[in-house]
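What follows is a set of notes on a single structure, which appears directly below.
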Amino acid sequence: MSNKECADLYERIINDVIQESRQDFEDSGIDEQTLMDLRKLWRERLSKTKVATFSWDNVEEDEDDNSSDDLPLAQHHAQTMMNSQQFANLGGNGGAGSNDTSADIGGVHGLHLPQSDLALPTTATIGGDEDSKPAHGGIVLPGGSTISQSDGPIPIQEIEFEIDSRSELGQQLMKQMQTQQKKKKKLMRLIPTQSQVDGPFDDLESDEDDDQGSDLGVDSDEINSDLDDPDDDDKEDEEDNDDPETNIMLCLYDRVQRVKNKWKCNLKDGVANIEGKDYTFQKATGDSEW
Amino acid sequence: MNGQAYYEFYRRSTIGTSLADALDTLIVDQRIQPQLAMKVLTNFDRVTSENLKDVKSKMSFKGHLHTYRFCDDVWTFVIKDVNVKLDDGETVNVEKFKIVACNSRRAGDS
């Protein structure tokens, strides 16, 4: 693998960033464990991209195997306890957690189901929590059974899940939750424009308004106008497209020259993704014809 | 060092996006505040810029320049049918390749 240097660089960057962020974490009252978890998550995400082979790729798997082989249940349990404690601490120290406040104001501490811990399969225990925005009628437990809501609607439901981020299932669940959250957020943004509860708006259907263009009307911005929505979609599409940056080179330029249609550029300090692998370079030269 | 501005565009690299993902996870779990995540990303900008100076390898490429753009001191090229030569003599052919290049004279060492 020719991109060994890139792997080395990435490992150095991770170590340095973690090192230099330690003070920032301390200043924010965040414990060392969270910093270590950040490093762990970062490494995991990076390994998943398969842009290079990293030194921890083998080591970490071994560690995981050992621990889960020895005492899987105890491990899960310990993890669970630890996470719960961390959350408790967070709430106590930080105080500013929006989670706590909103839940307390509502007088309902989420729908924190005591039995949910037990009902979840052992592979999917505890690790994060989620704000669920739109109200559902009830809660669907993994078994397929539902707990219907009998105490009237709540403006904001807080459902706390905890998922073991080590297990594959846990990671999948986390991903699902995150995408669902994103969707919900998008939905929330769209709801004001989409849900028309005051009857059909006849005004715009008349020819007069159509001729003037719907963008002129004040209403048209609020209601699901043609101009409004596609913009949003475009932006989201762009963001989505930008997410997997493939075949891209990020670098600095020293000089860019053009003679007629021939371009020459001198680049440096670059990191490039080429056909799924990452490369770094100190200097690069490029020749191309327009 | 202090107060010096570093380019943020390395956050688009694989190492940058995976850091952002990791930070996002911690924020969603409400284990850190977004402000702290921003500080970490600022550290990442600095660390990455500094560390890239120590890289040794070289690279060259040839191709058909499809698009060029120079805006706000940033060059963007889209090159097609690219042949990339790496340090060890290995070559890679890429159908389409995008380059985003910032001015080296403002890269934190000015």
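Lettering and numbering for the structure tokens are positional, with chains as A, B, ... in the shown order, residues counted from 1 in each chain, and ligands counted from 1 in the shown order.
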
Sorted by chain and rising residue number, list the residues of chain A at most 6 Å from chain B (counting only C-alpha atoms), each with its closest atom pair and distance in Å to one decimal, as a tab-separated table.
```
residue	atom	partner	partner_atom	distance
A:Val17	CA	B:Phe44	CA	5.7
A:Ser21	CA	B:Val40	CA	5.9
A:Leu41	CA	B:Ala22	CA	5.3
A:Trp42	CA	B:Leu19	CA	5.2
A:Arg45	CA	B:Ser18	CA	5.3
A:Leu46	CA	B:Ser18	CA	5.6
A:Gly128	CA	B:Asp29	CA	4.7
A:Asp129	CA	B:Asp29	CA	5.5
A:Asn247	CA	B:Phe97	CA	5.1
A:Ile248	CA	B:Lys98	CA	4.7
A:Met249	CA	B:Ile99	CA	4.6
A:Leu250	CA	B:Val100	CA	5.1
A:Cys251	CA	B:Ala101	CA	4.8
A:Leu252	CA	B:Cys102	CA	4.6
A:Tyr253	CA	B:Asn103	CA	5.3
A:Asp254	CA	B:Ser104	CA	5.7
A:Asp269	CA	B:Leu52	CA	5.3
A:Phe281	CA	B:Ser57	CA	4.9
A:Gln282	CA	B:Val55	CA	5.3
A:Lys283	CA	B:Lys58	CA	5.0
A:Ala284	CA	B:Met59	CA	4.5
A:Thr285	CA	B:Ser60	CA	4.7
A:Gly286	CA	B:Phe61	CA	4.8
A:Asp287	CA	B:Lys62	CA	4.9
A:Ser288	CA	B:Gly63	CA	4.8
A:Glu289	CA	B:His64	CA	5.1
A:Trp290	CA	B:Leu65	CA	4.5
```

Please run DSSP on the backbone and report, as a PDB file with N, CA and C atoms, in the first residue's frame, all residues within stretch 20-86 of chain B that come out as strand (DSSP E or B).
```pdb
ATOM      1  N   LYS B  58       5.792  13.140  -3.231  1.00  0.00           N
ATOM      2  CA  LYS B  58       5.432  14.022  -4.339  1.00  0.00           C
ATOM      3  C   LYS B  58       4.449  13.306  -5.252  1.00  0.00           C
ATOM      4  N   MET B  59       3.851  14.091  -6.111  1.00  0.00           N
ATOM      5  CA  MET B  59       2.813  13.542  -6.970  1.00  0.00           C
ATOM      6  C   MET B  59       2.743  14.395  -8.233  1.00  0.00           C
ATOM      7  N   SER B  60       2.366  13.795  -9.316  1.00  0.00           N
ATOM      8  CA  SER B  60       2.134  14.604 -10.508  1.00  0.00           C
ATOM      9  C   SER B  60       0.959  14.026 -11.270  1.00  0.00           C
ATOM     10  N   PHE B  61       0.309  14.858 -12.028  1.00  0.00           N
ATOM     11  CA  PHE B  61      -0.843  14.361 -12.778  1.00  0.00           C
ATOM     12  C   PHE B  61      -0.955  15.103 -14.107  1.00  0.00           C
ATOM     13  N   LYS B  62      -1.553  14.413 -15.042  1.00  0.00           N
ATOM     14  CA  LYS B  62      -1.830  14.971 -16.365  1.00  0.00           C
ATOM     15  C   LYS B  62      -3.265  14.653 -16.709  1.00  0.00           C
ATOM     16  N   GLY B  63      -3.891  15.587 -17.387  1.00  0.00           N
ATOM     17  CA  GLY B  63      -5.268  15.305 -17.756  1.00  0.00           C
ATOM     18  C   GLY B  63      -5.872  16.407 -18.597  1.00  0.00           C
ATOM     19  N   HIS B  64      -7.140  16.240 -18.826  1.00  0.00           N
ATOM     20  CA  HIS B  64      -7.870  17.201 -19.633  1.00  0.00           C
ATOM     21  C   HIS B  64      -8.633  18.132 -18.694  1.00  0.00           C
ATOM     22  N   LEU B  65      -8.273  19.412 -18.768  1.00  0.00           N
ATOM     23  CA  LEU B  65      -8.901  20.371 -17.858  1.00  0.00           C
ATOM     24  C   LEU B  65     -10.317  20.673 -18.327  1.00  0.00           C
ATOM     25  N   HIS B  66     -11.267  20.245 -17.535  1.00  0.00           N
ATOM     26  CA  HIS B  66     -12.669  20.398 -17.910  1.00  0.00           C
ATOM     27  C   HIS B  66     -13.217  21.743 -17.433  1.00  0.00           C
ATOM     28  N   THR B  67     -12.926  22.096 -16.207  1.00  0.00           N
ATOM     29  CA  THR B  67     -13.431  23.342 -15.631  1.00  0.00           C
ATOM     30  C   THR B  67     -12.333  23.998 -14.808  1.00  0.00           C
ATOM     31  N   TYR B  68     -12.214  25.298 -14.928  1.00  0.00           N
ATOM     32  CA  TYR B  68     -11.340  26.020 -13.991  1.00  0.00           C
ATOM     33  C   TYR B  68     -12.105  27.196 -13.424  1.00  0.00           C
ATOM     34  N   ARG B  69     -11.801  27.504 -12.199  1.00  0.00           N
ATOM     35  CA  ARG B  69     -12.519  28.575 -11.519  1.00  0.00           C
ATOM     36  C   ARG B  69     -11.568  29.208 -10.517  1.00  0.00           C
ATOM     37  N   PHE B  70     -11.580  30.520 -10.481  1.00  0.00           N
ATOM     38  CA  PHE B  70     -10.769  31.212  -9.490  1.00  0.00           C
ATOM     39  C   PHE B  70     -11.668  32.207  -8.786  1.00  0.00           C
ATOM     40  N   CYS B  71     -11.954  31.932  -7.545  1.00  0.00           N
ATOM     41  CA  CYS B  71     -12.888  32.784  -6.814  1.00  0.00           C
ATOM     42  C   CYS B  71     -12.424  32.895  -5.368  1.00  0.00           C
ATOM     43  N   VAL B  74      -9.332  31.150  -4.307  1.00  0.00           N
ATOM     44  CA  VAL B  74      -9.338  29.681  -4.316  1.00  0.00           C
ATOM     45  C   VAL B  74      -9.469  29.200  -5.759  1.00  0.00           C
ATOM     46  N   TRP B  75      -8.557  28.325  -6.147  1.00  0.00           N
ATOM     47  CA  TRP B  75      -8.643  27.691  -7.456  1.00  0.00           C
ATOM     48  C   TRP B  75      -9.422  26.388  -7.342  1.00  0.00           C
ATOM     49  N   THR B  76     -10.322  26.199  -8.275  1.00  0.00           N
ATOM     50  CA  THR B  76     -11.008  24.910  -8.365  1.00  0.00           C
ATOM     51  C   THR B  76     -10.848  24.387  -9.777  1.00  0.00           C
ATOM     52  N   PHE B  77     -10.353  23.191  -9.890  1.00  0.00           N
ATOM     53  CA  PHE B  77     -10.202  22.557 -11.200  1.00  0.00           C
ATOM     54  C   PHE B  77     -10.985  21.258 -11.230  1.00  0.00           C
ATOM     55  N   VAL B  78     -11.622  21.031 -12.344  1.00  0.00           N
ATOM     56  CA  VAL B  78     -12.165  19.683 -12.588  1.00  0.00           C
ATOM     57  C   VAL B  78     -11.408  19.127 -13.780  1.00  0.00           C
ATOM     58  N   ILE B  79     -10.703  18.057 -13.553  1.00  0.00           N
ATOM     59  CA  ILE B  79      -9.874  17.465 -14.593  1.00  0.00           C
ATOM     60  C   ILE B  79     -10.430  16.100 -14.946  1.00  0.00           C
ATOM     61  N   LYS B  80     -10.486  15.845 -16.239  1.00  0.00           N
ATOM     62  CA  LYS B  80     -11.025  14.553 -16.651  1.00  0.00           C
ATOM     63  C   LYS B  80      -9.930  13.710 -17.301  1.00  0.00           C
ATOM     64  N   ASP B  81     -10.159  12.414 -17.279  1.00  0.00           N
ATOM     65  CA  ASP B  81      -9.197  11.450 -17.828  1.00  0.00           C
ATOM     66  C   ASP B  81      -7.797  11.719 -17.284  1.00  0.00           C
ATOM     67  N   VAL B  82      -7.708  11.648 -15.992  1.00  0.00           N
ATOM     68  CA  VAL B  82      -6.467  12.023 -15.315  1.00  0.00           C
ATOM     69  C   VAL B  82      -5.577  10.800 -15.136  1.00  0.00           C
ATOM     70  N   ASN B  83      -4.308  11.052 -15.328  1.00  0.00           N
ATOM     71  CA  ASN B  83      -3.312  10.034 -15.002  1.00  0.00           C
ATOM     72  C   ASN B  83      -2.456  10.580 -13.867  1.00  0.00           C
ATOM     73  N   VAL B  84      -2.550   9.921 -12.718  1.00  0.00           N
ATOM     74  CA  VAL B  84      -1.836  10.392 -11.532  1.00  0.00           C
ATOM     75  C   VAL B  84      -0.619   9.522 -11.310  1.00  0.00           C
ATOM     76  N   LYS B  85       0.542  10.181 -11.180  1.00  0.00           N
ATOM     77  CA  LYS B  85       1.774   9.449 -10.874  1.00  0.00           C
ATOM     78  C   LYS B  85       2.124   9.672  -9.419  1.00  0.00           C
TER      79      LYS B  85
END
```

Atomic separation - atom CA of A:Glu168 relative to atom CA of A:Ser55, Å =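 Atom-to-atom, atom CA of A:Ser55 and atom CA of A:Glu168 are spaced 21.0 Å apart.
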
A:Ile30, A:Ile274, A:Met188, A:Met36 ranked by distance to B:Thr91, top pick (using only C-alpha atoms) = A:Ile274
